[in-house]
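Peer 1: Let me give you the structure first, and then I'll get to my questions.
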Number of protein chains: 2
Amino acid sequence: MIPARNYRASIVITGSELLDGRVLDTNSNFLAKQCSQLGLTLRGIYTCDDGIDEIKRCLEFAAQGVELVIVSGGLGPTSDDLTRDALAALAGQPLYQDPQVLERLIERYRKRGRTFDPSNARQALFPQTAQILANSVGTAAGFALEFGAPIRTVFISLPGVPRELYAMWSEVVLPLLEQRFGKLTAIPTICFQTFGLPESNVGSRVEGCALPESVKVSYRAAFPEVHVSLSSTAITQTELAQHAQAAMEAVGSEFVFSRQAGQGLAQLLHALLVQRKQTLAVAESCSAGLLASSLAEIAGASEFLVGGTIAYANHVKTKALGVPVQLLEQYGAVSAEVASQMARAAREYHQADFGISITGVAGPGGGTSEKPVGLFYVGIADAAGGLRAVRYFFPNTRSYVRRYAVHCAMDVLRRHLLGLPAPKEAPLSVDTPVLSAARS
Amino acid sequence: MIPARNYRASIVITGSELLDGRVLDTNSNFLAKQCSQLGLTLRGIYTCDDGIDEIKRCLEFAAQGVELVIVSGGLGPTSDDLTRDALAALAGQPLYQDPQVLERLIERYRKRGRTFDPSNARQALFPQTAQILANSVGTAAGFALEFGAPIRTVFISLPGVPRELYAMWSEVVLPLLEQRFGKLTAIPTICFQTFGLPESNVGSRVEGCALPESVKVSYRAAFPEVHVSLSSTAITQTELAQHAQAAMEAVGSEFVFSRQAGQGLAQLLHALLVQRKQTLAVAESCSAGLLASSLAEIAGASEFLVGGTIAYANHVKTKALGVPVQLLEQYGAVSAEVASQMARAAREYHQADFGISITGVAGPGGGTSEKPVGLFYVGIADAAGGLRAVRYFFPNTRSYVRRYAVHCAMDVLRRHLLGLPAPKEAPLSVDTPVLSAARS
C-alpha cells in the first residue's frame with residue numbers, strides 16, 4: 001500500500017443556488033479541512049450547476065489524476081437532483097432501485113406522518129455496483145462507486161444538507177476511506193501567526209532562512225495578521241520543527257505571537273491573563289466595545305475580563321472615566337493624554353490589574369489635518385502605576401480602522417505581559433507611533 | 001449585440017489556504033452574486049492550488065464555452081503568487097514590467113514609511129497585451145486579458161483580498177464589462193429582510209400569497225435574519241413591487257424590518273434615532289460590547305450612540321450601574337430585574353434617551369438548570385420612565401447566543417421606536433419570552 005499522504009482527492013459541489021450567489025457554500029470548506037487532517041492532498045474544489053451535462057463534465061475533470069472524488073449535493077427527490085444519474089452514466093451503469101432503501105424511506109415518511117410522494121422513490125436509485133452509504137439524519141442515502149482508468153477513482157456521493165454531510169462523514173465515510181486506503185495520517189505541518197509586519201516583509205524574512213525545497217511555505221493575510229505555514233512530506237516532524245523555529249526567529253518574537261493554528265491574539269491574551277490570575281478592564285471610544293467583545297468571544301473570558309466603559313461621546317469620557325474637560329479641550333479626545341487617562345480610569349474604576357484604552361478617528365468623516373482619519377492611540381495602565389500611550393496611523397475604511405485598532409490594543413498588552421518592547425513602528429501605516437512620556 | 005443575459009461566465013479561485021480548509025472562500029459567493037445581478041450565467045466556480053500547472057489546467061477548463069473568466073487570487077508579491085505567470089503562459093505572452101505601476105508601488109511604500117522589498121516588483125509584471133486594472137485599496141493591480149478560440153474569452157484577474165476585490169469590482173470591473181459586453185442589466189429583483197421567524201415559517205407565509213409562477217422567490221438564512229428575494233423577467237417592476245408588497249404583508253410588519261438590500265437592523269436603528277434626534281446608551285453583560293460595537297460600525301453613529309458600560313463582572317454591575325448586591329443575590333445576574341436596572345442605569349448615568357441592556361448565559365459553561373446556557377434578557381428604558389425586560393431562550397454555541405442576543409436587543413428597540421408590539425415569542429427558541437412587569 002502506498003503511503004496515505006500520496007493520495008490525491010478533489011471535491012465536486014453541485015447546486016444552482018451556489019452559482020447565483022444565494023447560498024454561501026461551506027460544505028467544501030468542511031470537506032477540505034477533513035481531507036487535510038487525513039493527509040489527502042486536495043487538487044481542487046469544483047462547483048457546478050445541477051444540469052446533468054454540467055455535472056458529468058465537472059466530475060470527469062475532477063477525477064483527473066486523483067484517487068478520490070467527494071461529491072456533495074444532488075441526491076434529493078426533485079427533478080434537479082441528478083448526481084446519481086450523472087455518476088451512473090459516467091460509469092456506464094444502469095440505475096437500479098434498492099428495495100431495502102425504498103422500504104426504509106417509506107417507513108420514515110410513515111413514522112413522521114408524512115405522505116410518501118412517488119417522486120421520493122428516486123432516492124432509492126443507485127448505480128449498479130454502488131456501495132450504499134446510510135444517512136442517519138436525512139432521507140437521502142449516499143453511495144460510493146469505483147471506476148476509471150488509468151487511475152481507478154473512488155467517487156463518494158453525499159447529500160448537500162450540511163448536517164447530513166457532517167454526520168455521514170464520521171459515520172460512514174471515514175470507515176470507508178480507511179478500508180479502501182488504509183490508515184490515513186496528516187501531512188506534517190507547522191503554522192505560526194504574526195502581527196505587525198506586512199506580508200511581503202514576513203515573506204522575505206522567511207525566505208532569508210533558505211529553507212530546503214522540500215519544505216512548502218505558504219502565507220495567508222488574515223487581516224490584520226499574517227499566518228505562515230510550513231509543511232513537508234520529505235522530512236521528519238523534528239526537522240520540520242527546526243526549520244519552523246528558524247523561520248520564526250527570522251521574523252522575530254516581537255511579531256510572532258502564536259505557534260498554534262487556532263490561537264489568535266485574543267486567545268493568547270486569555271491564556272496569559274488567566275495563567276497569571278490578572279484581570280483587565282477596557283475604555284473604548286472609536287472601537288465602541290469591539291475590544292471587549294472580541295475578548296469575550298472566547299469561552300471563560302469572565303476569568304480575566306471584568307468589563308469597561310464605552311466612552312463614545314465626550315461627556316461619557318468626562319463623567320464615567322474622569323477625563324477632565326480641560327484635557328479634552330487642550331489635547332482633543334484623540335490624543336496620548338486622553339488615551340492614558342482613559343486606560344488609568346478603566347483600571348482603577350473597574351478594579352482590574354490592567355486598563356487598556358482606544359481613542360481614534362475611525363472615519364470616514366470627522367478627520368482634520370491635525371487629527372486625520374486613521375489616527376488612533378492605545379493607552380495601557382498597570383497596577384504598578386505604569387502608564388503609556390502608543391500612537392498609530394492607519395488610514396483606511398471605518399471597519400478596518402476599528403478592527404486594526406483592536407488588534408493593536410491587544411498587541412500592546414501582549415508585549416507588556418511578555419516584556420517585549422512596545423511597538424516601535426505602526427505596522428501597515430504611513431506613520432510611526434511615538435511613546436508618550438510615562439504618566440503616573 | 002446579443003442580450004446580456006446570454007453571456008456565460010466562470011470563476012477561478014486560487015490559493016492553497018482554501019484547499020486545506022484554513023480559509024473559507026467568500027469571494028466566489030460575492031462574484032456569483034454580482035454576475036447574477038448582471039444577468040450573466042455562471043457556469044462554474046473552480047478552486048485550485050497555487051501551483052502554476054494547476055492554475056493553468058483550471059483556467060483552461062474554466063474558459064470552455066464562456067465569454068468571461070473571473071480569477072481571484074495569486075497577485076501578491078510572494079513566490080506562491082503565480083496567476084499572472086499562468087495567464088501569460090496560456091496566452092503565449094511574455095511578462096513585462098510596467099514602469100508606471102512600479103513607480104506607484106514604490107511611491108505607495110515610501111508614503112507609508114515602509115521599505116520597498118525588491119520582491120514587491122513582481123506586482124508590476126503583466127502579460128504583454130493585458131489591460132491594467134487599478135487597485136485603489138491595496139498594492140496588487142489586476143489586469144484583463146483576451147484570448148482563445150473558438151470563443152474569445154476575457155480573463156479578468158483580481159486580488160484575493162476581499163476588500164480589494166470588492167472595491168475593484170465596482171471601480172474598474174463594472175466599467176470594463178460594460179465596455180466589452182454592452183449594458184448589462186440585472187433581472188428585476190426586490191428583496192426584504194425579516195427577523196423573528198424561522199425560515200420555514202417565512203416560506204409558508206410567502207407561499208400563502210399564491211404569487212404567479214413567473215415570480216421566482218428565494219430565501220436566504222443570514223443568521224439570525226431571513227432574507228427573501230423576488231425576481232421576474234416576465235412582469236414589470238411595478239407588478240413585481242405589488243407582489244413583494246403582498247409577500248411582506250403576509251409575513252407581517254412585526255417581522256419585516258427592511259425593504260432595502262443593504263439595510264440591516266443596525267442601519268435601521270441608526271436612521272430612526274438620527275431622524276428623531278434621540279440618543280442611546282447600552283449596558284452589556286454577556287454581549288460585552290458587541291451591541292454598541294455593531295451600532296458603531298456604521299459611519300455617523302456618534303450622532304445617537306453616547307456609549308455605555310460593559311458590566312461583565314458582577315462588581316461592575318454594582319459599582320458602575322448601581323445594581324444592588326441584594327438584587328443580584330435574590331434574582332441572579334441573568335434576570336428581568338437586573339436587566340431592567342441595567343437599562344435604566346445606562347440611560348440615566350450616560351445621559352441618553354434610551355438605555356438598552358443585555359444579560360445572559362452565553363455558555364458553554366456557567367449554565368444551571370434554572371439559568372441554562374442560552375437564557376438571556378434584554379432590558380429597555382426610555383425617557384418617559386418606561387421600563388421592560390424581555391426573556392429569551394436560545395440554546396446554541398457561545399458565538400451564536402451572543403450574536404442572537406444583540407439582534408434581539410436591536411429588535412426590542414426597533415419595535416419600541418415604531419410602536420410595534422414587544423416580541424411575544426422568542427423566535428428560533430424552545431421557549432417563549434415573557435414581559436416582566438414594568439418597573440418605574
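All residue names refer to the C-alpha cells as shown: chains lettered A, B, ... in order, residues numbered from 1 in each chain, ligands numbered from 1 in order.
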As a PDB file with N, CA, C and O atoms, in the first residue's frame, please: the residues near segment 302-318 of chain A (cut-off 9 Å, only C-alpha atoms, same-chain neighbours under 4 positions excluded).
Peer 2:
```pdb
ATOM      1  N   HIS A 270      -5.992  35.781  26.633  1.00  0.00           N
ATOM      2  CA  HIS A 270      -6.824  34.985  27.532  1.00  0.00           C
ATOM      3  C   HIS A 270      -5.943  34.027  28.344  1.00  0.00           C
ATOM      4  O   HIS A 270      -5.975  34.022  29.576  1.00  0.00           O
ATOM      5  N   LEU A 273      -3.410  35.941  30.744  1.00  0.00           N
ATOM      6  CA  LEU A 273      -4.013  36.607  31.902  1.00  0.00           C
ATOM      7  C   LEU A 273      -4.574  35.595  32.896  1.00  0.00           C
ATOM      8  O   LEU A 273      -4.411  35.757  34.107  1.00  0.00           O
ATOM      9  N   VAL A 274      -5.190  34.531  32.393  1.00  0.00           N
ATOM     10  CA  VAL A 274      -5.736  33.509  33.304  1.00  0.00           C
ATOM     11  C   VAL A 274      -4.606  32.836  34.068  1.00  0.00           C
ATOM     12  O   VAL A 274      -4.679  32.640  35.276  1.00  0.00           O
ATOM     13  N   LYS A 277      -3.462  35.002  36.689  1.00  0.00           N
ATOM     14  CA  LYS A 277      -4.558  35.453  37.563  1.00  0.00           C
ATOM     15  C   LYS A 277      -4.650  36.979  37.576  1.00  0.00           C
ATOM     16  O   LYS A 277      -4.790  37.607  38.623  1.00  0.00           O
ATOM     17  N   GLN A 278      -4.547  37.575  36.396  1.00  0.00           N
ATOM     18  CA  GLN A 278      -4.660  39.023  36.291  1.00  0.00           C
ATOM     19  C   GLN A 278      -5.932  39.396  35.538  1.00  0.00           C
ATOM     20  O   GLN A 278      -6.441  38.609  34.745  1.00  0.00           O
ATOM     21  N   THR A 279      -6.424  40.577  35.808  1.00  0.00           N
ATOM     22  CA  THR A 279      -7.696  40.989  35.211  1.00  0.00           C
ATOM     23  C   THR A 279      -7.523  42.242  34.347  1.00  0.00           C
ATOM     24  O   THR A 279      -6.538  42.967  34.460  1.00  0.00           O
ATOM     25  N   LEU A 280      -8.517  42.478  33.517  1.00  0.00           N
ATOM     26  CA  LEU A 280      -8.439  43.548  32.530  1.00  0.00           C
ATOM     27  C   LEU A 280      -9.753  44.318  32.461  1.00  0.00           C
ATOM     28  O   LEU A 280     -10.825  43.728  32.506  1.00  0.00           O
ATOM     29  N   ALA A 281      -9.641  45.635  32.357  1.00  0.00           N
ATOM     30  CA  ALA A 281     -10.805  46.475  32.073  1.00  0.00           C
ATOM     31  C   ALA A 281     -10.462  47.342  30.870  1.00  0.00           C
ATOM     32  O   ALA A 281      -9.292  47.649  30.623  1.00  0.00           O
ATOM     33  N   VAL A 282     -11.476  47.718  30.117  1.00  0.00           N
ATOM     34  CA  VAL A 282     -11.234  48.489  28.904  1.00  0.00           C
ATOM     35  C   VAL A 282     -11.946  49.839  28.946  1.00  0.00           C
ATOM     36  O   VAL A 282     -12.910  50.023  29.692  1.00  0.00           O
ATOM     37  N   ALA A 283     -11.432  50.774  28.162  1.00  0.00           N
ATOM     38  CA  ALA A 283     -12.126  52.048  27.937  1.00  0.00           C
ATOM     39  C   ALA A 283     -12.045  52.270  26.433  1.00  0.00           C
ATOM     40  O   ALA A 283     -10.953  52.449  25.889  1.00  0.00           O
ATOM     41  N   GLU A 284     -13.186  52.217  25.763  1.00  0.00           N
ATOM     42  CA  GLU A 284     -13.162  52.248  24.305  1.00  0.00           C
ATOM     43  C   GLU A 284     -13.933  53.434  23.761  1.00  0.00           C
ATOM     44  O   GLU A 284     -15.078  53.656  24.115  1.00  0.00           O
ATOM     45  N   SER A 285     -13.283  54.181  22.873  1.00  0.00           N
ATOM     46  CA  SER A 285     -14.003  55.247  22.192  1.00  0.00           C
ATOM     47  C   SER A 285     -14.361  54.776  20.780  1.00  0.00           C
ATOM     48  O   SER A 285     -15.389  54.131  20.603  1.00  0.00           O
ATOM     49  N   CYS A 286     -13.511  54.992  19.784  1.00  0.00           N
ATOM     50  CA  CYS A 286     -13.909  54.668  18.406  1.00  0.00           C
ATOM     51  C   CYS A 286     -14.199  53.185  18.212  1.00  0.00           C
ATOM     52  O   CYS A 286     -14.974  52.813  17.344  1.00  0.00           O
ATOM     53  N   SER A 287     -13.593  52.309  19.018  1.00  0.00           N
ATOM     54  CA  SER A 287     -13.846  50.874  18.857  1.00  0.00           C
ATOM     55  C   SER A 287     -15.165  50.475  19.508  1.00  0.00           C
ATOM     56  O   SER A 287     -15.728  49.412  19.184  1.00  0.00           O
ATOM     57  N   ALA A 288     -15.668  51.287  20.423  1.00  0.00           N
ATOM     58  CA  ALA A 288     -17.032  51.159  20.966  1.00  0.00           C
ATOM     59  C   ALA A 288     -17.406  49.753  21.424  1.00  0.00           C
ATOM     60  O   ALA A 288     -18.506  49.284  21.143  1.00  0.00           O
ATOM     61  N   GLY A 289     -16.495  49.064  22.096  1.00  0.00           N
ATOM     62  CA  GLY A 289     -16.850  47.755  22.641  1.00  0.00           C
ATOM     63  C   GLY A 289     -16.286  46.593  21.855  1.00  0.00           C
ATOM     64  O   GLY A 289     -16.391  45.438  22.280  1.00  0.00           O
ATOM     65  N   ALA A 292     -13.477  44.603  23.932  1.00  0.00           N
ATOM     66  CA  ALA A 292     -14.028  43.729  24.974  1.00  0.00           C
ATOM     67  C   ALA A 292     -14.804  42.584  24.350  1.00  0.00           C
ATOM     68  O   ALA A 292     -14.697  41.435  24.782  1.00  0.00           O
ATOM     69  N   LEU A 295     -12.589  39.870  23.020  1.00  0.00           N
ATOM     70  CA  LEU A 295     -12.020  39.057  24.100  1.00  0.00           C
ATOM     71  C   LEU A 295     -13.086  38.133  24.697  1.00  0.00           C
ATOM     72  O   LEU A 295     -12.804  37.002  25.071  1.00  0.00           O
ATOM     73  N   ALA A 296     -14.323  38.629  24.771  1.00  0.00           N
ATOM     74  CA  ALA A 296     -15.402  37.849  25.386  1.00  0.00           C
ATOM     75  C   ALA A 296     -15.927  36.761  24.472  1.00  0.00           C
ATOM     76  O   ALA A 296     -16.693  35.907  24.893  1.00  0.00           O
ATOM     77  N   GLY A 322     -13.643  60.190  34.120  1.00  0.00           N
ATOM     78  CA  GLY A 322     -12.925  61.268  34.795  1.00  0.00           C
ATOM     79  C   GLY A 322     -11.906  61.983  33.929  1.00  0.00           C
ATOM     80  O   GLY A 322     -10.928  62.529  34.433  1.00  0.00           O
ATOM     81  N   VAL A 323     -12.105  61.959  32.605  1.00  0.00           N
ATOM     82  CA  VAL A 323     -11.194  62.722  31.752  1.00  0.00           C
ATOM     83  C   VAL A 323     -11.570  64.202  31.890  1.00  0.00           C
ATOM     84  O   VAL A 323     -12.684  64.587  31.545  1.00  0.00           O
ATOM     85  N   PRO A 324     -10.671  65.021  32.399  1.00  0.00           N
ATOM     86  CA  PRO A 324     -11.027  66.430  32.630  1.00  0.00           C
ATOM     87  C   PRO A 324     -11.403  67.134  31.311  1.00  0.00           C
ATOM     88  O   PRO A 324     -10.778  66.899  30.285  1.00  0.00           O
ATOM     89  N   VAL A 325     -12.426  67.971  31.379  1.00  0.00           N
ATOM     90  CA  VAL A 325     -12.859  68.735  30.210  1.00  0.00           C
ATOM     91  C   VAL A 325     -11.674  69.531  29.647  1.00  0.00           C
ATOM     92  O   VAL A 325     -11.474  69.631  28.437  1.00  0.00           O
ATOM     93  N   LEU A 328      -9.533  67.397  27.445  1.00  0.00           N
ATOM     94  CA  LEU A 328     -10.198  67.191  26.151  1.00  0.00           C
ATOM     95  C   LEU A 328     -10.060  68.432  25.285  1.00  0.00           C
ATOM     96  O   LEU A 328      -9.827  68.346  24.077  1.00  0.00           O
ATOM     97  N   ALA A 333      -9.901  64.720  22.057  1.00  0.00           N
ATOM     98  CA  ALA A 333     -10.244  63.367  22.526  1.00  0.00           C
ATOM     99  C   ALA A 333      -9.282  62.332  21.972  1.00  0.00           C
ATOM    100  O   ALA A 333      -9.029  61.302  22.594  1.00  0.00           O
ATOM    101  N   VAL A 338      -5.343  61.823  26.575  1.00  0.00           N
ATOM    102  CA  VAL A 338      -6.685  61.289  26.859  1.00  0.00           C
ATOM    103  C   VAL A 338      -6.651  59.759  26.876  1.00  0.00           C
ATOM    104  O   VAL A 338      -7.261  59.132  27.744  1.00  0.00           O
ATOM    105  N   MET A 342      -7.822  57.526  30.021  1.00  0.00           N
ATOM    106  CA  MET A 342      -8.883  56.525  29.848  1.00  0.00           C
ATOM    107  C   MET A 342      -8.420  55.157  30.366  1.00  0.00           C
ATOM    108  O   MET A 342      -9.173  54.449  31.049  1.00  0.00           O
ATOM    109  N   ALA A 346     -10.088  53.270  33.519  1.00  0.00           N
ATOM    110  CA  ALA A 346     -10.713  51.957  33.329  1.00  0.00           C
ATOM    111  C   ALA A 346     -10.192  50.978  34.376  1.00  0.00           C
ATOM    112  O   ALA A 346     -10.952  50.251  35.005  1.00  0.00           O
ATOM    113  N   ARG A 347      -8.874  50.993  34.573  1.00  0.00           N
ATOM    114  CA  ARG A 347      -8.249  50.086  35.526  1.00  0.00           C
ATOM    115  C   ARG A 347      -8.726  50.364  36.941  1.00  0.00           C
ATOM    116  O   ARG A 347      -9.144  49.463  37.679  1.00  0.00           O
ATOM    117  N   TYR A 349     -11.287  52.410  38.056  1.00  0.00           N
ATOM    118  CA  TYR A 349     -12.722  52.458  38.314  1.00  0.00           C
ATOM    119  C   TYR A 349     -13.329  51.059  38.290  1.00  0.00           C
ATOM    120  O   TYR A 349     -14.209  50.739  39.103  1.00  0.00           O
ATOM    121  N   HIS A 350     -12.866  50.206  37.373  1.00  0.00           N
ATOM    122  CA  HIS A 350     -13.452  48.874  37.268  1.00  0.00           C
ATOM    123  C   HIS A 350     -12.646  47.828  38.040  1.00  0.00           C
ATOM    124  O   HIS A 350     -12.907  46.635  37.928  1.00  0.00           O
ATOM    125  N   GLN A 351     -11.644  48.288  38.800  1.00  0.00           N
ATOM    126  CA  GLN A 351     -10.889  47.409  39.699  1.00  0.00           C
ATOM    127  C   GLN A 351     -10.265  46.213  38.971  1.00  0.00           C
ATOM    128  O   GLN A 351     -10.608  45.058  39.244  1.00  0.00           O
ATOM    129  N   ALA A 352      -9.332  46.527  38.088  1.00  0.00           N
ATOM    130  CA  ALA A 352      -8.644  45.459  37.353  1.00  0.00           C
ATOM    131  C   ALA A 352      -7.139  45.669  37.442  1.00  0.00           C
ATOM    132  O   ALA A 352      -6.671  46.733  37.861  1.00  0.00           O
ATOM    133  N   GLY A 355      -5.598  48.309  32.584  1.00  0.00           N
ATOM    134  CA  GLY A 355      -6.590  49.086  31.850  1.00  0.00           C
ATOM    135  C   GLY A 355      -6.041  49.325  30.455  1.00  0.00           C
ATOM    136  O   GLY A 355      -4.861  49.663  30.291  1.00  0.00           O
ATOM    137  N   THR A 359      -8.676  55.295  21.555  1.00  0.00           N
ATOM    138  CA  THR A 359      -9.394  56.507  21.125  1.00  0.00           C
ATOM    139  C   THR A 359      -8.842  56.907  19.771  1.00  0.00           C
ATOM    140  O   THR A 359      -7.622  56.909  19.558  1.00  0.00           O
TER     141      THR A 359
ATOM    142  N   VAL B 282     -25.857  51.908  26.261  1.00  0.00           N
ATOM    143  CA  VAL B 282     -26.018  50.463  26.455  1.00  0.00           C
ATOM    144  C   VAL B 282     -25.415  50.013  27.780  1.00  0.00           C
ATOM    145  O   VAL B 282     -24.551  50.686  28.355  1.00  0.00           O
ATOM    146  N   GLU B 284     -24.011  46.211  28.775  1.00  0.00           N
ATOM    147  CA  GLU B 284     -23.873  44.868  28.218  1.00  0.00           C
ATOM    148  C   GLU B 284     -23.130  43.940  29.158  1.00  0.00           C
ATOM    149  O   GLU B 284     -22.050  44.270  29.630  1.00  0.00           O
ATOM    150  N   SER B 285     -23.730  42.781  29.389  1.00  0.00           N
ATOM    151  CA  SER B 285     -23.019  41.783  30.174  1.00  0.00           C
ATOM    152  C   SER B 285     -22.484  40.706  29.216  1.00  0.00           C
ATOM    153  O   SER B 285     -21.396  40.870  28.670  1.00  0.00           O
ATOM    154  N   ALA B 288     -20.914  41.906  26.047  1.00  0.00           N
ATOM    155  CA  ALA B 288     -19.613  42.544  26.295  1.00  0.00           C
ATOM    156  C   ALA B 288     -19.191  43.565  25.253  1.00  0.00           C
ATOM    157  O   ALA B 288     -18.035  43.589  24.837  1.00  0.00           O
ATOM    158  N   GLY B 289     -20.117  44.405  24.790  1.00  0.00           N
ATOM    159  CA  GLY B 289     -19.726  45.462  23.870  1.00  0.00           C
ATOM    160  C   GLY B 289     -20.123  45.193  22.435  1.00  0.00           C
ATOM    161  O   GLY B 289     -19.981  46.063  21.575  1.00  0.00           O
ATOM    162  N   ALA B 292     -22.999  47.702  21.175  1.00  0.00           N
ATOM    163  CA  ALA B 292     -22.511  49.049  20.861  1.00  0.00           C
ATOM    164  C   ALA B 292     -21.586  49.011  19.652  1.00  0.00           C
ATOM    165  O   ALA B 292     -21.653  49.867  18.769  1.00  0.00           O
ATOM    166  N   SER B 302     -21.936  58.356  16.092  1.00  0.00           N
ATOM    167  CA  SER B 302     -21.811  59.283  17.227  1.00  0.00           C
ATOM    168  C   SER B 302     -22.999  60.244  17.290  1.00  0.00           C
ATOM    169  O   SER B 302     -23.212  60.890  18.303  1.00  0.00           O
ATOM    170  N   LEU B 305     -25.255  57.370  19.404  1.00  0.00           N
ATOM    171  CA  LEU B 305     -24.680  56.460  20.402  1.00  0.00           C
ATOM    172  C   LEU B 305     -23.762  57.242  21.336  1.00  0.00           C
ATOM    173  O   LEU B 305     -22.751  57.768  20.889  1.00  0.00           O
ATOM    174  N   VAL B 306     -24.124  57.342  22.604  1.00  0.00           N
ATOM    175  CA  VAL B 306     -23.235  58.087  23.505  1.00  0.00           C
ATOM    176  C   VAL B 306     -22.193  57.167  24.137  1.00  0.00           C
ATOM    177  O   VAL B 306     -21.089  57.587  24.456  1.00  0.00           O
ATOM    178  N   GLY B 307     -22.515  55.900  24.323  1.00  0.00           N
ATOM    179  CA  GLY B 307     -21.571  54.977  24.922  1.00  0.00           C
ATOM    180  C   GLY B 307     -22.292  54.013  25.823  1.00  0.00           C
ATOM    181  O   GLY B 307     -23.468  53.705  25.600  1.00  0.00           O
ATOM    182  N   GLY B 308     -21.600  53.556  26.861  1.00  0.00           N
ATOM    183  CA  GLY B 308     -22.258  52.627  27.757  1.00  0.00           C
ATOM    184  C   GLY B 308     -21.284  51.939  28.677  1.00  0.00           C
ATOM    185  O   GLY B 308     -20.108  52.313  28.759  1.00  0.00           O
ATOM    186  N   THR B 309     -21.792  50.908  29.325  1.00  0.00           N
ATOM    187  CA  THR B 309     -20.976  50.190  30.291  1.00  0.00           C
ATOM    188  C   THR B 309     -20.966  48.710  29.942  1.00  0.00           C
ATOM    189  O   THR B 309     -22.012  48.132  29.647  1.00  0.00           O
ATOM    190  N   ILE B 310     -19.760  48.141  29.917  1.00  0.00           N
ATOM    191  CA  ILE B 310     -19.630  46.699  29.757  1.00  0.00           C
ATOM    192  C   ILE B 310     -19.516  46.130  31.167  1.00  0.00           C
ATOM    193  O   ILE B 310     -18.487  46.287  31.830  1.00  0.00           O
ATOM    194  N   ALA B 311     -20.606  45.548  31.639  1.00  0.00           N
ATOM    195  CA  ALA B 311     -20.643  45.066  33.016  1.00  0.00           C
ATOM    196  C   ALA B 311     -20.558  43.556  32.992  1.00  0.00           C
ATOM    197  O   ALA B 311     -21.555  42.861  33.113  1.00  0.00           O
ATOM    198  N   TYR B 312     -19.335  43.075  32.796  1.00  0.00           N
ATOM    199  CA  TYR B 312     -19.142  41.630  32.666  1.00  0.00           C
ATOM    200  C   TYR B 312     -19.129  40.999  34.048  1.00  0.00           C
ATOM    201  O   TYR B 312     -19.873  40.089  34.339  1.00  0.00           O
ATOM    202  N   ALA B 313     -18.303  41.535  34.926  1.00  0.00           N
ATOM    203  CA  ALA B 313     -18.244  41.032  36.306  1.00  0.00           C
ATOM    204  C   ALA B 313     -19.363  41.679  37.122  1.00  0.00           C
ATOM    205  O   ALA B 313     -19.771  42.811  36.863  1.00  0.00           O
ATOM    206  N   ASN B 314     -19.825  40.956  38.123  1.00  0.00           N
ATOM    207  CA  ASN B 314     -20.903  41.492  38.962  1.00  0.00           C
ATOM    208  C   ASN B 314     -20.505  42.786  39.684  1.00  0.00           C
ATOM    209  O   ASN B 314     -21.332  43.670  39.864  1.00  0.00           O
ATOM    210  N   HIS B 315     -19.233  42.887  40.074  1.00  0.00           N
ATOM    211  CA  HIS B 315     -18.849  44.103  40.800  1.00  0.00           C
ATOM    212  C   HIS B 315     -18.958  45.345  39.905  1.00  0.00           C
ATOM    213  O   HIS B 315     -19.182  46.447  40.394  1.00  0.00           O
ATOM    214  N   VAL B 316     -18.818  45.146  38.598  1.00  0.00           N
ATOM    215  CA  VAL B 316     -19.004  46.278  37.687  1.00  0.00           C
ATOM    216  C   VAL B 316     -20.494  46.630  37.585  1.00  0.00           C
ATOM    217  O   VAL B 316     -20.868  47.801  37.530  1.00  0.00           O
ATOM    218  N   ALA B 320     -20.701  50.334  38.635  1.00  0.00           N
ATOM    219  CA  ALA B 320     -20.877  51.263  37.523  1.00  0.00           C
ATOM    220  C   ALA B 320     -22.341  51.428  37.118  1.00  0.00           C
ATOM    221  O   ALA B 320     -22.692  52.410  36.484  1.00  0.00           O
ATOM    222  N   TYR B 349     -27.216  57.186  33.718  1.00  0.00           N
ATOM    223  CA  TYR B 349     -25.825  57.501  34.020  1.00  0.00           C
ATOM    224  C   TYR B 349     -25.117  58.094  32.804  1.00  0.00           C
ATOM    225  O   TYR B 349     -24.313  59.019  32.939  1.00  0.00           O
ATOM    226  N   HIS B 350     -25.431  57.575  31.632  1.00  0.00           N
ATOM    227  CA  HIS B 350     -24.747  58.069  30.428  1.00  0.00           C
ATOM    228  C   HIS B 350     -25.556  59.141  29.694  1.00  0.00           C
ATOM    229  O   HIS B 350     -25.183  59.544  28.604  1.00  0.00           O
ATOM    230  N   GLN B 351     -26.664  59.573  30.309  1.00  0.00           N
ATOM    231  CA  GLN B 351     -27.451  60.693  29.788  1.00  0.00           C
ATOM    232  C   GLN B 351     -27.905  60.498  28.346  1.00  0.00           C
ATOM    233  O   GLN B 351     -27.492  61.227  27.436  1.00  0.00           O
TER     234      GLN B 351
END
```
Peer 1: How far apart are chain B and chain A by Cα RMSD after a least-squares superposition over every Cα, paired in order?
Peer 2: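 Root-mean-square deviation of the C-alpha atoms: 4.2 Å.
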Peer 1: Name the residues in contact with Thr83 of chain A at a cut-off of 7 Å, using only C-alpha atoms, excluding same-chain residues fewer than 6 positions from it; report them as a VMD selection string.
Peer 2: chain A and resid 55 74 to 75
Peer 1: Keeping only N, CA and C atoms, write those residues as a short mmCIF file (atom, residue, chain, number, x, y, z; two decimals), in the first residue's frame.
Peer 2:
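The resulting file, out32.cif, is reproduced below:
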```
data_model
loop_
_atom_site.label_atom_id
_atom_site.label_comp_id
_atom_site.auth_asym_id
_atom_site.auth_seq_id
_atom_site.Cartn_x
_atom_site.Cartn_y
_atom_site.Cartn_z
N ILE A 55 -22.73 18.41 -14.58
CA ILE A 55 -22.21 17.55 -13.51
C ILE A 55 -21.22 16.54 -14.09
N GLY A 74 -27.27 17.14 -4.86
CA GLY A 74 -27.95 16.49 -5.97
C GLY A 74 -28.47 15.10 -5.68
N LEU A 75 -28.71 14.77 -4.41
CA LEU A 75 -29.24 13.44 -4.07
C LEU A 75 -30.70 13.50 -3.61
#
```
Peer 1: Set out as a Markdown table a contact list for segment 375-413 of chain A and segment 104-118 of chain B with a cut-off of 12 Å, giving each residue of segment 375-413 of chain A that qualifies its closest atom pair and distance in Å to one decimal, counting only C-alpha atoms, ordered by chain and rising residue number.
Peer 2:
```
| residue | atom | partner | partner_atom | distance |
| --- | --- | --- | --- | --- |
| A:Tyr392 | CA | B:Arg112 | CA | 12.0 |
| A:Phe393 | CA | B:Arg112 | CA | 9.6 |
| A:Phe394 | CA | B:Arg112 | CA | 9.2 |
| A:Pro395 | CA | B:Arg112 | CA | 9.9 |
```
Peer 1: Residues as selected, C-alpha atoms, written as a CSV table (one decimal), in the first residue's frame, can you do that?
Peer 2:
```csv
chain,number,residue,atom,x,y,z
A,392,TYR,CA,-0.9,54.7,15.4
A,393,PHE,CA,-1.9,56.0,12.0
A,394,PHE,CA,-3.7,53.6,9.7
A,395,PRO,CA,-5.8,55.5,7.1
```
